[in-house]
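Undergrad: Hey, dropping start_34.pdb in here, PDB, C-alpha atoms:
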ATOM      1  CA  MET A 858     117.776 109.884 181.192
ATOM      2  CA  LYS A 859     118.512 111.289 184.676
ATOM      3  CA  ALA A 860     116.164 114.185 184.023
ATOM      4  CA  PHE A 861     113.395 111.738 183.084
ATOM      5  CA  GLN A 862     113.906 109.727 186.309
ATOM      6  CA  THR A 863     113.775 112.966 188.356
ATOM      7  CA  ILE A 864     110.456 113.918 186.754
ATOM      8  CA  CYS A 865     109.032 110.462 187.528
ATOM      9  CA  ARG A 866     110.036 110.707 191.193
ATOM     10  CA  HIS A 867     108.474 114.140 191.379
ATOM     11  CA  LEU A 868     105.197 112.889 189.912
ATOM     12  CA  ARG A 869     105.067 109.981 192.358
ATOM     13  CA  SER A 870     105.265 112.433 195.268
ATOM     14  CA  VAL A 871     102.184 114.240 193.980
ATOM     15  CA  LYS A 872      99.025 113.078 195.806
ATOM     16  CA  GLY A 873      96.629 110.980 193.729
ATOM     17  CA  PHE A 874      98.992 110.510 190.861
ATOM     18  CA  SER A 875     100.852 107.299 190.151
ATOM     19  CA  VAL A 876     102.984 106.039 187.336
ATOM     20  CA  GLU A 877     102.979 102.329 186.562
ATOM     21  CA  PRO A 878     105.676 101.011 184.290
ATOM     22  CA  ALA A 879     104.222  99.750 180.993
ATOM     23  CA  PRO A 880     105.016  96.212 179.929
ATOM     24  CA  LEU A 881     107.799  95.944 177.436
ATOM     25  CA  VAL A 882     106.753  95.169 173.849
ATOM     26  CA  ASN A 883     109.214  93.747 171.366
ATOM     27  CA  PHE A 884     108.767  94.526 167.652
ATOM     28  CA  SER A 885     110.339  92.467 164.929
ATOM     29  CA  THR A 886     110.531  93.058 161.183
ATOM     30  CA  SER A 887     111.432  89.470 160.532
ATOM     31  CA  LEU A 888     108.938  87.300 158.588
ATOM     32  CA  TYR A 889     109.786  84.385 160.830
ATOM     33  CA  SER A 890     107.815  85.957 163.736
ATOM     34  CA  CYS A 891     104.657  86.144 161.560
ATOM     35  CA  GLY A 892     104.403  82.501 160.675
ATOM     36  CA  ARG A 893     106.164  79.584 159.188
ATOM     37  CA  LYS A 894     108.914  80.020 156.681
ATOM     38  CA  LYS A 895     107.558  79.943 153.089
ATOM     39  CA  LYS A 896     109.114  77.436 150.760
ATOM     40  CA  ASN A 897     110.840  78.717 147.662
ATOM     41  CA  PRO A 898     109.507  76.627 144.714
ATOM     42  CA  TYR A 899     112.761  77.100 142.810
ATOM     43  CA  GLU A 900     114.708  75.317 145.542
ATOM     44  CA  GLU A 901     113.014  72.053 144.550
ATOM     45  CA  VAL A 902     114.164  72.309 140.915
ATOM     46  CA  ASP A 903     116.948  69.963 139.932
ATOM     47  CA  GLN A 904     119.464  72.650 139.003
ATOM     48  CA  THR A 905     122.090  70.130 137.961
ATOM     49  CA  LYS A 906     119.712  68.589 135.455
ATOM     50  CA  TYR A 907     118.905  71.919 133.751
ATOM     51  CA  SER A 908     122.259  73.676 134.124
ATOM     52  CA  SER A 909     123.320  72.853 130.546
ATOM     53  CA  LEU A 910     120.054  74.274 129.188
ATOM     54  CA  VAL A 911     120.474  77.515 131.149
ATOM     55  CA  ARG A 912     124.062  77.928 129.896
ATOM     56  CA  SER A 913     123.001  77.361 126.274
ATOM     57  CA  VAL A 914     120.215  79.955 126.519
ATOM     58  CA  LEU A 915     122.391  82.581 128.161
ATOM     59  CA  SER A 916     125.289  82.074 125.767
ATOM     60  CA  PHE A 917     123.128  82.086 122.571
ATOM     61  CA  ARG A 918     123.720  84.908 120.099
ATOM     62  CA  GLY A 919     121.292  85.405 117.253
ATOM     63  CA  LEU A 920     122.430  85.761 113.665
ATOM     64  CA  ALA A 921     122.399  89.180 112.012
ATOM     65  CA  GLN A 922     118.978  89.886 110.570
ATOM     66  CA  THR A 923     118.465  90.307 106.841
ATOM     67  CA  PRO A 924     115.497  91.767 104.923
ATOM     68  CA  GLU A 925     114.324  88.222 104.235
ATOM     69  CA  SER A 926     114.472  87.209 107.883
ATOM     70  CA  LEU A 927     112.654  90.392 108.917
ATOM     71  CA  PHE A 928     109.826  89.674 106.479
ATOM     72  CA  GLU A 929     109.623  86.126 107.859
ATOM     73  CA  GLU A 930     109.571  87.547 111.376
ATOM     74  CA  ASP A 931     106.716  89.907 110.461
ATOM     75  CA  CYS A 932     104.761  87.014 109.004
ATOM     76  CA  LEU A 933     105.371  84.976 112.168
ATOM     77  CA  LEU A 934     104.355  87.803 114.510
ATOM     78  CA  TYR A 935     101.437  89.299 112.599
ATOM     79  CA  GLY A 936     100.396  86.458 110.288
ATOM     80  CA  PRO A 937      99.739  86.525 106.541
ATOM     81  CA  VAL A 938      97.837  89.287 104.764
ATOM     82  CA  SER A 939      94.307  89.387 106.091
ATOM     83  CA  LYS A 940      91.483  88.689 103.662
ATOM     84  CA  HIS A 941      88.904  90.019 106.111
ATOM     85  CA  LYS A 942      86.150  92.020 104.435
ATOM     86  CA  LEU A 943      84.923  95.225 106.000
ATOM     87  CA  SER A 944      81.541  95.047 107.635
ATOM     88  CA  LYS A 945      78.725  97.324 106.531
ATOM     89  CA  GLN A 946      79.232  99.332 109.701
ATOM     90  CA  ASP A 947      82.918  99.865 108.913
ATOM     91  CA  LYS A 948      82.166 100.790 105.314
ATOM     92  CA  GLY A 949      79.660 103.386 106.397
ATOM     93  CA  ALA A 950      81.904 104.909 109.060
ATOM     94  CA  ARG A 951      83.150 107.677 106.758
ATOM     95  CA  VAL A 952      81.099 109.310 104.041
ATOM     96  CA  PRO A 953      82.408 111.918 101.577
ATOM     97  CA  ARG A 954      81.053 115.385 102.217
ATOM     98  CA  ASN A 955      80.628 116.078  98.507
ATOM     99  CA  TRP A 956      79.330 112.991  96.758
ATOM    100  CA  PHE A 957      79.804 112.561  93.012
ATOM    101  CA  PRO A 958      78.814 109.418  91.069
ATOM    102  CA  ILE A 959      81.430 107.222  89.449
ATOM    103  CA  PHE A 960      79.114 106.326  86.560
ATOM    104  CA  ASN A 961      77.629 108.805  84.127
ATOM    105  CA  PRO A 962      73.826 108.490  83.838
ATOM    106  CA  GLU A 963      73.975 110.141  80.415
ATOM    107  CA  ARG A 964      76.112 107.297  79.045
ATOM    108  CA  ASN A 965      73.954 104.211  79.216
ATOM    109  CA  ASP A 966      75.518 102.448  76.233
ATOM    110  CA  THR A 967      78.995 101.018  76.779
ATOM    111  CA  SER A 968      79.407 100.082  73.130
ATOM    112  CA  ASP A 969      81.677 102.180  70.962
ATOM    113  CA  PRO A 970      80.507 102.889  67.397
ATOM    114  CA  ASN A 971      84.126 103.309  66.302
ATOM    115  CA  ASP A 972      85.419  99.880  67.307
ATOM    116  CA  SER A 973      87.376  99.612  64.048
ATOM    117  CA  SER A 974      89.198 102.900  64.645
ATOM    118  CA  MET A 975      92.568 103.307  66.271
ATOM    119  CA  PRO A 976      92.684 103.232  70.100
ATOM    120  CA  LEU A 977      92.592 106.655  71.675
ATOM    121  CA  LYS A 978      95.912 108.022  72.831
ATOM    122  CA  ILE A 979      95.287 111.471  74.245
ATOM    123  CA  PRO A 980      98.465 113.217  75.460
ATOM    124  CA  LEU A 981      98.618 114.313  79.080
ATOM    125  CA  GLN A 982      98.514 118.090  79.462
ATOM    126  CA  ARG A 983     100.675 119.523  82.214
ATOM    127  CA  ASN A 984      98.654 121.947  84.324
ATOM    128  CA  MET A 985      97.944 122.869  87.928
ATOM    129  CA  ILE A 986      95.415 120.052  88.408
ATOM    130  CA  PRO A 987      96.856 117.265  90.593
ATOM    131  CA  SER A 988      97.395 113.801  89.150
ATOM    132  CA  VAL A 989      95.912 110.628  90.587
ATOM    133  CA  THR A 990      99.394 109.471  91.588
ATOM    134  CA  ARG A 991     100.121 112.706  93.452
ATOM    135  CA  VAL A 992      96.842 112.556  95.404
ATOM    136  CA  LEU A 993      97.557 108.982  96.488
ATOM    137  CA  GLN A 994     101.141 109.785  97.487
ATOM    138  CA  GLN A 995     100.155 112.843  99.516
ATOM    139  CA  THR A 996      97.366 111.047 101.391
ATOM    140  CA  MET A 997      99.076 107.811 102.392
ATOM    141  CA  THR A 998      98.270 106.660 105.907
ATOM    142  CA  SER A 999     100.914 106.838 108.634
ATOM    143  CA  GLN A1000     101.077 103.040 108.539
ATOM    144  CA  GLN A1001     101.767 103.050 104.793
ATOM    145  CA  VAL A1002     104.479 105.676 105.241
ATOM    146  CA  PHE A1003     106.039 103.645 108.058
ATOM    147  CA  TYR A1004     106.210 100.393 106.073
ATOM    148  CA  LEU A1005     107.469 102.167 102.949
ATOM    149  CA  GLU A1006     110.229 103.873 104.902
ATOM    150  CA  ARG A1007     111.127 100.648 106.702
ATOM    151  CA  TRP A1008     111.380  98.824 103.380
ATOM    152  CA  LYS A1009     113.593 101.624 102.034
ATOM    153  CA  GLN A1010     115.922 101.474 105.042
ATOM    154  CA  ARG A1011     116.198  97.693 104.753
ATOM    155  CA  MET A1012     117.111  97.942 101.086
ATOM    156  CA  ILE A1013     119.689 100.667 101.772
ATOM    157  CA  LEU A1014     121.161  98.523 104.539
ATOM    158  CA  GLU A1015     121.530  95.639 102.108
ATOM    159  CA  LEU A1016     122.498  97.510  98.921
ATOM    160  CA  GLY A1017     123.910 100.811 100.138
ATOM    161  CA  GLU A1018     122.777 104.282  99.048
ATOM    162  CA  ASP A1019     124.160 104.004  95.501
ATOM    163  CA  GLY A1020     122.967 100.420  95.106
ATOM    164  CA  PHE A1021     119.445 101.362  96.188
ATOM    165  CA  ALA A1022     119.377 104.295  93.754
ATOM    166  CA  GLU A1023     120.449 101.965  90.949
ATOM    167  CA  TYR A1024     117.864  99.389  92.016
ATOM    168  CA  THR A1025     114.968 101.881  91.919
ATOM    169  CA  SER A1026     116.189 103.224  88.572
ATOM    170  CA  ASN A1027     116.215  99.715  87.099
ATOM    171  CA  ILE A1028     112.719  99.010  88.444
ATOM    172  CA  PHE A1029     111.412 102.172  86.800
ATOM    173  CA  LEU A1030     113.151 101.334  83.512
ATOM    174  CA  GLN A1031     111.787  97.778  83.490
ATOM    175  CA  GLY A1032     108.261  99.056  84.098
ATOM    176  CA  LYS A1033     108.594 101.563  81.259
ATOM    177  CA  GLN A1034     109.878  98.919  78.845
ATOM    178  CA  PHE A1035     107.105  96.541  79.913
ATOM    179  CA  HIS A1036     104.436  99.129  79.056
ATOM    180  CA  GLU A1037     106.108  99.923  75.731
ATOM    181  CA  ALA A1038     106.072  96.245  74.792
ATOM    182  CA  LEU A1039     102.421  95.965  75.808
ATOM    183  CA  GLU A1040     101.535  98.959  73.675
ATOM    184  CA  SER A1041     103.184  97.280  70.680
ATOM    185  CA  ILE A1042     101.303  94.030  71.331
ATOM    186  CA  LEU A1043      97.876  95.619  71.869
ATOM    187  CA  SER A1044      98.152  98.162  69.059
ATOM    188  CA  PRO A1045      96.282  97.078  65.916
ATOM    189  CA  GLN A1046      99.120  98.323  63.696
ATOM    190  CA  GLY A1047     101.332  95.392  64.588
ATOM    191  CA  ASN A1048     104.510  97.410  63.979
ATOM    192  CA  ILE A1049     106.887  95.653  66.341
ATOM    193  CA  LYS A1050     110.450  96.874  66.292
ATOM    194  CA  GLU A1051     113.468  94.662  66.862
ATOM    195  CA  ARG A1052     113.927  96.142  70.319
ATOM    196  CA  ASP A1053     110.276  95.385  71.122
ATOM    197  CA  GLU A1054     110.721  91.782  69.986
ATOM    198  CA  GLU A1055     113.365  91.333  72.674
ATOM    199  CA  LEU A1056     111.078  92.949  75.250
ATOM    200  CA  ILE A1057     108.211  90.664  74.271
ATOM    201  CA  LYS A1058     110.394  87.692  75.139
ATOM    202  CA  CYS A1059     111.027  89.002  78.666
ATOM    203  CA  GLY A1060     109.573  87.384  81.775
ATOM    204  CA  TYR A1061     106.894  90.031  82.349
ATOM    205  CA  ILE A1062     105.309  89.448  78.927
ATOM    206  CA  GLU A1063     105.522  85.699  79.389
ATOM    207  CA  SER A1064     103.800  86.157  82.733
ATOM    208  CA  ILE A1065     100.691  87.769  81.195
ATOM    209  CA  GLN A1066     100.208  85.497  78.175
ATOM    210  CA  HIS A1067      97.162  83.801  79.704
ATOM    211  CA  ILE A1068      95.651  87.255  80.409
ATOM    212  CA  LEU A1069      96.218  88.589  76.887
ATOM    213  CA  LYS A1070      94.144  85.732  75.456
ATOM    214  CA  ASP A1071      91.070  87.233  77.151
ATOM    215  CA  VAL A1072      91.796  90.855  76.136
ATOM    216  CA  SER A1073      90.138  92.292  72.993
ATOM    217  CA  GLY A1074      88.500  95.426  71.623
ATOM    218  CA  VAL A1075      91.172  97.896  72.770
ATOM    219  CA  ARG A1076      89.672 101.413  73.058
ATOM    220  CA  ALA A1077      92.548 103.405  74.578
ATOM    221  CA  LEU A1078      96.296 102.982  75.198
ATOM    222  CA  GLU A1079      98.468 105.214  77.386
ATOM    223  CA  SER A1080      95.755 107.860  77.202
ATOM    224  CA  ALA A1081      95.120 110.863  79.451
ATOM    225  CA  VAL A1082      91.880 111.393  81.358
ATOM    226  CA  GLN A1083      90.601 114.415  83.238
ATOM    227  CA  HIS A1084      87.749 114.802  85.695
ATOM    228  CA  GLU A1085      86.715 118.415  85.245
ATOM    229  CA  THR A1086      84.303 118.417  88.199
ATOM    230  CA  LEU A1087      86.567 116.760  90.780
ATOM    231  CA  LYS A1088      89.695 118.396  89.326
ATOM    232  CA  TYR A1089      92.244 115.644  88.802
ATOM    233  CA  VAL A1090      94.052 114.087  85.838
ATOM    234  CA  GLY A1091      95.702 110.771  85.069
ATOM    235  CA  LEU A1092      97.334 108.626  82.413
ATOM    236  CA  LEU A1093      95.661 105.228  82.145
ATOM    237  CA  ASP A1094      97.383 102.146  80.733
ATOM    238  CA  CYS A1095      94.594 100.578  78.737
ATOM    239  CA  VAL A1096      90.854 100.403  78.154
ATOM    240  CA  ALA A1097      89.774  97.119  76.583
ATOM    241  CA  GLU A1098      87.393  94.229  76.946
ATOM    242  CA  TYR A1099      88.423  91.492  79.362
ATOM    243  CA  GLN A1100      86.336  88.347  79.065
ATOM    244  CA  GLY A1101      83.698  90.400  77.268
ATOM    245  CA  LYS A1102      83.518  93.261  79.814
ATOM    246  CA  LEU A1103      84.919  96.718  79.131
ATOM    247  CA  CYS A1104      87.551  97.548  81.757
ATOM    248  CA  VAL A1105      90.175 100.058  82.699
ATOM    249  CA  ILE A1106      93.225  97.771  82.806
ATOM    250  CA  ASP A1107      96.211  98.673  84.952
ATOM    251  CA  TRP A1108      99.369  96.645  84.276
ATOM    252  CA  LYS A1109     101.698  96.274  87.269
ATOM    253  CA  THR A1110     105.048  94.541  87.788
ATOM    254  CA  SER A1111     106.165  92.915  91.008
ATOM    255  CA  GLU A1112     108.993  90.796  92.369
ATOM    256  CA  LYS A1113     106.730  89.353  95.070
ATOM    257  CA  PRO A1114     103.493  87.391  94.538
ATOM    258  CA  LYS A1115     100.293  89.409  94.980
ATOM    259  CA  PRO A1116      97.501  86.841  94.829
ATOM    260  CA  PHE A1117      94.877  89.021  96.541
ATOM    261  CA  ILE A1118      93.629  92.482  95.664
ATOM    262  CA  GLN A1119      94.550  93.604  99.203
ATOM    263  CA  ASN A1120      98.195  92.992  98.249
ATOM    264  CA  THR A1121      97.980  95.728  95.606
ATOM    265  CA  TYR A1122      97.623  98.510  98.222
ATOM    266  CA  ASP A1123      96.310 101.695  96.514
ATOM    267  CA  ASN A1124      96.128 100.287  92.967
ATOM    268  CA  PRO A1125      92.322  99.772  93.154
ATOM    269  CA  LEU A1126      91.909 103.462  94.045
ATOM    270  CA  GLN A1127      93.997 104.375  91.012
ATOM    271  CA  VAL A1128      91.808 102.221  88.752
ATOM    272  CA  VAL A1129      88.494 103.638  89.999
ATOM    273  CA  ALA A1130      89.886 107.164  89.719
ATOM    274  CA  TYR A1131      90.469 106.467  86.008
ATOM    275  CA  VAL A1132      87.040 104.836  85.654
ATOM    276  CA  GLY A1133      85.293 107.869  87.158
ATOM    277  CA  ALA A1134      87.327 110.291  85.074
ATOM    278  CA  ILE A1135      86.833 108.507  81.759
ATOM    279  CA  ASN A1136      83.071 108.319  82.349
ATOM    280  CA  HIS A1137      82.899 112.123  82.685
ATOM    281  CA  ASP A1138      85.585 113.113  80.185
ATOM    282  CA  ALA A1139      84.195 114.579  76.952
ATOM    283  CA  ASN A1140      87.049 112.999  74.975
ATOM    284  CA  TYR A1141      85.511 109.562  75.528
ATOM    285  CA  SER A1142      82.086 108.595  74.197
ATOM    286  CA  PHE A1143      81.816 105.255  76.000
ATOM    287  CA  GLN A1144      81.334 104.306  79.638
ATOM    288  CA  VAL A1145      83.412 101.896  81.702
ATOM    289  CA  GLN A1146      81.963 100.018  84.664
ATOM    290  CA  CYS A1147      84.740  97.548  85.525
ATOM    291  CA  GLY A1148      88.414  97.532  86.327
ATOM    292  CA  LEU A1149      91.252  95.031  86.109
ATOM    293  CA  ILE A1150      94.615  95.005  87.877
ATOM    294  CA  VAL A1151      97.157  92.629  86.348
ATOM    295  CA  VAL A1152     100.311  91.888  88.367
ATOM    296  CA  ALA A1153     103.089  90.494  86.160
ATOM    297  CA  TYR A1154     106.228  88.764  87.457
ATOM    298  CA  LYS A1155     109.778  89.036  86.210
ATOM    299  CA  ASP A1156     110.443  85.289  86.480
ATOM    300  CA  GLY A1157     107.620  84.579  84.030
ATOM    301  CA  SER A1158     105.306  82.920  86.542
ATOM    302  CA  PRO A1159     101.576  83.377  85.725
ATOM    303  CA  ALA A1160     100.339  86.893  86.476
ATOM    304  CA  HIS A1161      97.559  87.478  88.973
ATOM    305  CA  PRO A1162      94.466  89.238  87.549
ATOM    306  CA  HIS A1163      92.263  91.142  89.995
ATOM    307  CA  PHE A1164      88.889  91.872  88.414
ATOM    308  CA  MET A1165      86.749  94.692  89.837
ATOM    309  CA  ASP A1166      83.062  94.607  88.984
ATOM    310  CA  ALA A1167      80.747  97.620  89.165
ATOM    311  CA  GLU A1168      79.884  97.009  92.843
ATOM    312  CA  LEU A1169      83.516  96.720  93.928
ATOM    313  CA  CYS A1170      84.423  99.799  91.869
ATOM    314  CA  SER A1171      81.674 101.746  93.669
ATOM    315  CA  GLN A1172      83.073 100.714  97.064
ATOM    316  CA  TYR A1173      86.576 101.850  96.183
ATOM    317  CA  TRP A1174      85.178 105.020  94.606
ATOM    318  CA  THR A1175      83.936 106.122  98.032
ATOM    319  CA  LYS A1176      87.456 105.701  99.394
ATOM    320  CA  TRP A1177      88.876 107.654  96.464
ATOM    321  CA  LEU A1178      86.496 110.574  97.140
ATOM    322  CA  LEU A1179      87.657 110.602 100.762
ATOM    323  CA  ARG A1180      91.290 110.710  99.639
ATOM    324  CA  LEU A1181      90.479 113.635  97.340
ATOM    325  CA  GLU A1182      88.902 115.526 100.236
ATOM    326  CA  GLU A1183      91.899 114.753 102.443
ATOM    327  CA  TYR A1184      94.255 116.029  99.739
ATOM    328  CA  ALA A1185      92.236 119.262  99.370
ATOM    329  CA  GLU A1186      92.277 119.754 103.153
ATOM    330  CA  LYS A1187      96.034 119.250 103.362
ATOM    331  CA  LYS A1188      96.613 121.627 100.497
ATOM    332  CA  LYS A1189      94.385 124.242 102.145
ATOM    333  CA  ASN A1190      96.178 123.937 105.503
ATOM    334  CA  HIS A1191      99.542 124.192 103.748
ATOM    335  CA  ARG A1192      98.471 127.445 102.120
ATOM    336  CA  ILE A1193      97.294 128.827 105.460
ATOM    337  CA  GLN A1194     100.603 127.963 107.146
ATOM    338  CA  LYS A1195     102.512 129.463 104.239
ATOM    339  CA  THR A1196     100.664 132.805 104.485
ATOM    340  CA  ASP A1197     101.017 133.068 108.293
TER     341      ASP A1197
END
What is this file in structure tokens?
TA:
Amino acid sequence: MKAFQTICRHLRSVKGFSVEPAPLVNFSTSLYSCGRKKKNPYEEVDQTKYSSLVRSVLSFRGLAQTPESLFEEDCLLYGPVSKHKLSKQDKGARVPRNWFPIFNPERNDTSDPNDSSMPLKIPLQRNMIPSVTRVLQQTMTSQQVFYLERWKQRMILELGEDGFAEYTSNIFLQGKQFHEALESILSPQGNIKERDEELIKCGYIESIQHILKDVSGVRALESAVQHETLKYVGLLDCVAEYQGKLCVIDWKTSEKPKPFIQNTYDNPLQVVAYVGAINHDANYSFQVQCGLIVVAYKDGSPAHPHFMDAELCSQYWTKWLLRLEEYAEKKKNHRIQKTD
């Protein structure tokens, strides 16, 4: 400071040079110097009046969630299953690179000259051609995989690893027995064993009684199909007339109601895959233009039938062709990675 004062005195002694002291300026970081004090709106709240509400909210502890509560929460957050139909623009967004028709132009007559014969039951040949089920499993969307895995984890959390394994085994066994009972009912032989009589009395069969009344003219039961051009195979449940229209019928079991075809996930793709295969399989002389998905319930409540006319089958056929191309692409990439 002394050095600074010395320099100032020296500069004053220089001719023509003067130093005038600058006015002092005070700076303040306080908001009070910039204007009036702003009112806090929360200060006007009657805190005594709402203190009990605040304590109840802060002290609340939710109950442990269960699979049922999580499903309810999903429904609350995202709403029920959407019945929104795709616009023409959405439907035309993706087109298969290699188009192949679902219907066979060489089979114009859907009637079968051998109606009185036994239903076809062609055994499935094990070969390197992928099955319809495998293609669908390998090309599930990331969203489908997520929900399937989440459902699995919820079930394991509720039942445990061993309980979940037993649960899935029982579901598979019930489905197998259901199809065996259906085969006995729809077969023209009418040879129903004692074990089948018990199965016929089960809830699933009771659930589909109103559907069976409209089923006639069975052409095939548990019969294999193969699409030689598109290279896939499958084992269809039934080909019969439903309300006078020849259909590929797929029987499904469910513990949850599925009133809309959107609730059946990839089942429509499975049906049209069978329709396209049977129409181009030399083992079958007739042509099928419709499909039917029947969802039966264990408690015996009326099954939900989902009829697919020729137009709807054609729409799902496009999606099936895209899934086939996706499967072929994944298989090709897997081979490339394996050889690297």
Undergrad: Evaluate the PyMOL selection byres ((chain A and resi 992) around 12) here and jot the selected residues down as a PyMOL selection string.
TA: chain A and resi 986-991+993-997+1088-1091+1123+1126-1127+1130+1177-1188
Undergrad: With C-alpha atoms retained, write the just-selected residues as a PDB file, keeping the file's coordinate frame.
TA:
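What ended up in out-v8.pdb:
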ATOM      1  CA  ILE A 986      95.415 120.052  88.408  1.00  0.00           C
ATOM      2  CA  PRO A 987      96.856 117.265  90.593  1.00  0.00           C
ATOM      3  CA  SER A 988      97.395 113.801  89.150  1.00  0.00           C
ATOM      4  CA  VAL A 989      95.912 110.628  90.587  1.00  0.00           C
ATOM      5  CA  THR A 990      99.394 109.471  91.588  1.00  0.00           C
ATOM      6  CA  ARG A 991     100.121 112.706  93.452  1.00  0.00           C
ATOM      7  CA  LEU A 993      97.557 108.982  96.488  1.00  0.00           C
ATOM      8  CA  GLN A 994     101.141 109.785  97.487  1.00  0.00           C
ATOM      9  CA  GLN A 995     100.155 112.843  99.516  1.00  0.00           C
ATOM     10  CA  THR A 996      97.366 111.047 101.391  1.00  0.00           C
ATOM     11  CA  MET A 997      99.076 107.811 102.392  1.00  0.00           C
ATOM     12  CA  LYS A1088      89.695 118.396  89.326  1.00  0.00           C
ATOM     13  CA  TYR A1089      92.244 115.644  88.802  1.00  0.00           C
ATOM     14  CA  VAL A1090      94.052 114.087  85.838  1.00  0.00           C
ATOM     15  CA  GLY A1091      95.702 110.771  85.069  1.00  0.00           C
ATOM     16  CA  ASP A1123      96.310 101.695  96.514  1.00  0.00           C
ATOM     17  CA  LEU A1126      91.909 103.462  94.045  1.00  0.00           C
ATOM     18  CA  GLN A1127      93.997 104.375  91.012  1.00  0.00           C
ATOM     19  CA  ALA A1130      89.886 107.164  89.719  1.00  0.00           C
ATOM     20  CA  TRP A1177      88.876 107.654  96.464  1.00  0.00           C
ATOM     21  CA  LEU A1178      86.496 110.574  97.140  1.00  0.00           C
ATOM     22  CA  LEU A1179      87.657 110.602 100.762  1.00  0.00           C
ATOM     23  CA  ARG A1180      91.290 110.710  99.639  1.00  0.00           C
ATOM     24  CA  LEU A1181      90.479 113.635  97.340  1.00  0.00           C
ATOM     25  CA  GLU A1182      88.902 115.526 100.236  1.00  0.00           C
ATOM     26  CA  GLU A1183      91.899 114.753 102.443  1.00  0.00           C
ATOM     27  CA  TYR A1184      94.255 116.029  99.739  1.00  0.00           C
ATOM     28  CA  ALA A1185      92.236 119.262  99.370  1.00  0.00           C
ATOM     29  CA  GLU A1186      92.277 119.754 103.153  1.00  0.00           C
ATOM     30  CA  LYS A1187      96.034 119.250 103.362  1.00  0.00           C
ATOM     31  CA  LYS A1188      96.613 121.627 100.497  1.00  0.00           C
TER      32      LYS A1188
END
Undergrad: How many Å lie between CA of Leu1093 in chain A and CA of Phe1021 in chain A, rounded to one decimal?
TA: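 According to the coordinates, CA of Leu1093 in chain A and CA of Phe1021 in chain A are separated by 27.9 Å.
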Undergrad: To one decimal place, how far is CA of Thr1025 in chain A from CA of Tyr1173 in chain A in Å?
TA: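 CA of Tyr1173 in chain A lies at a distance of 28.7 Å from CA of Thr1025 in chain A.
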Undergrad: Identify all residues satisfying the PyMOL selection byres ((chain A and resi 1008-1010) around 12) in the given file; provide them as a ChimeraX atom specification.
TA: /A:923-925,927-928,1001-1007,1011-1018,1020-1022,1024-1025
Undergrad: If I take CA of Ser1158 in chain A and CA of Tyr1061 in chain A, how far is one from the other in Å, to one decimal?
TA: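 Between CA of Ser1158 in chain A and CA of Tyr1061 in chain A the gap works out to 8.4 Å.
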Undergrad: Got a sec: who's within 10 Å of Ile1118 in chain A, counting only C-alpha atoms, leaving out chain neighbours fewer than 6 positions off, as a ChimeraX atom specification?
TA: /A:940,1124-1125,1150-1152,1161-1165
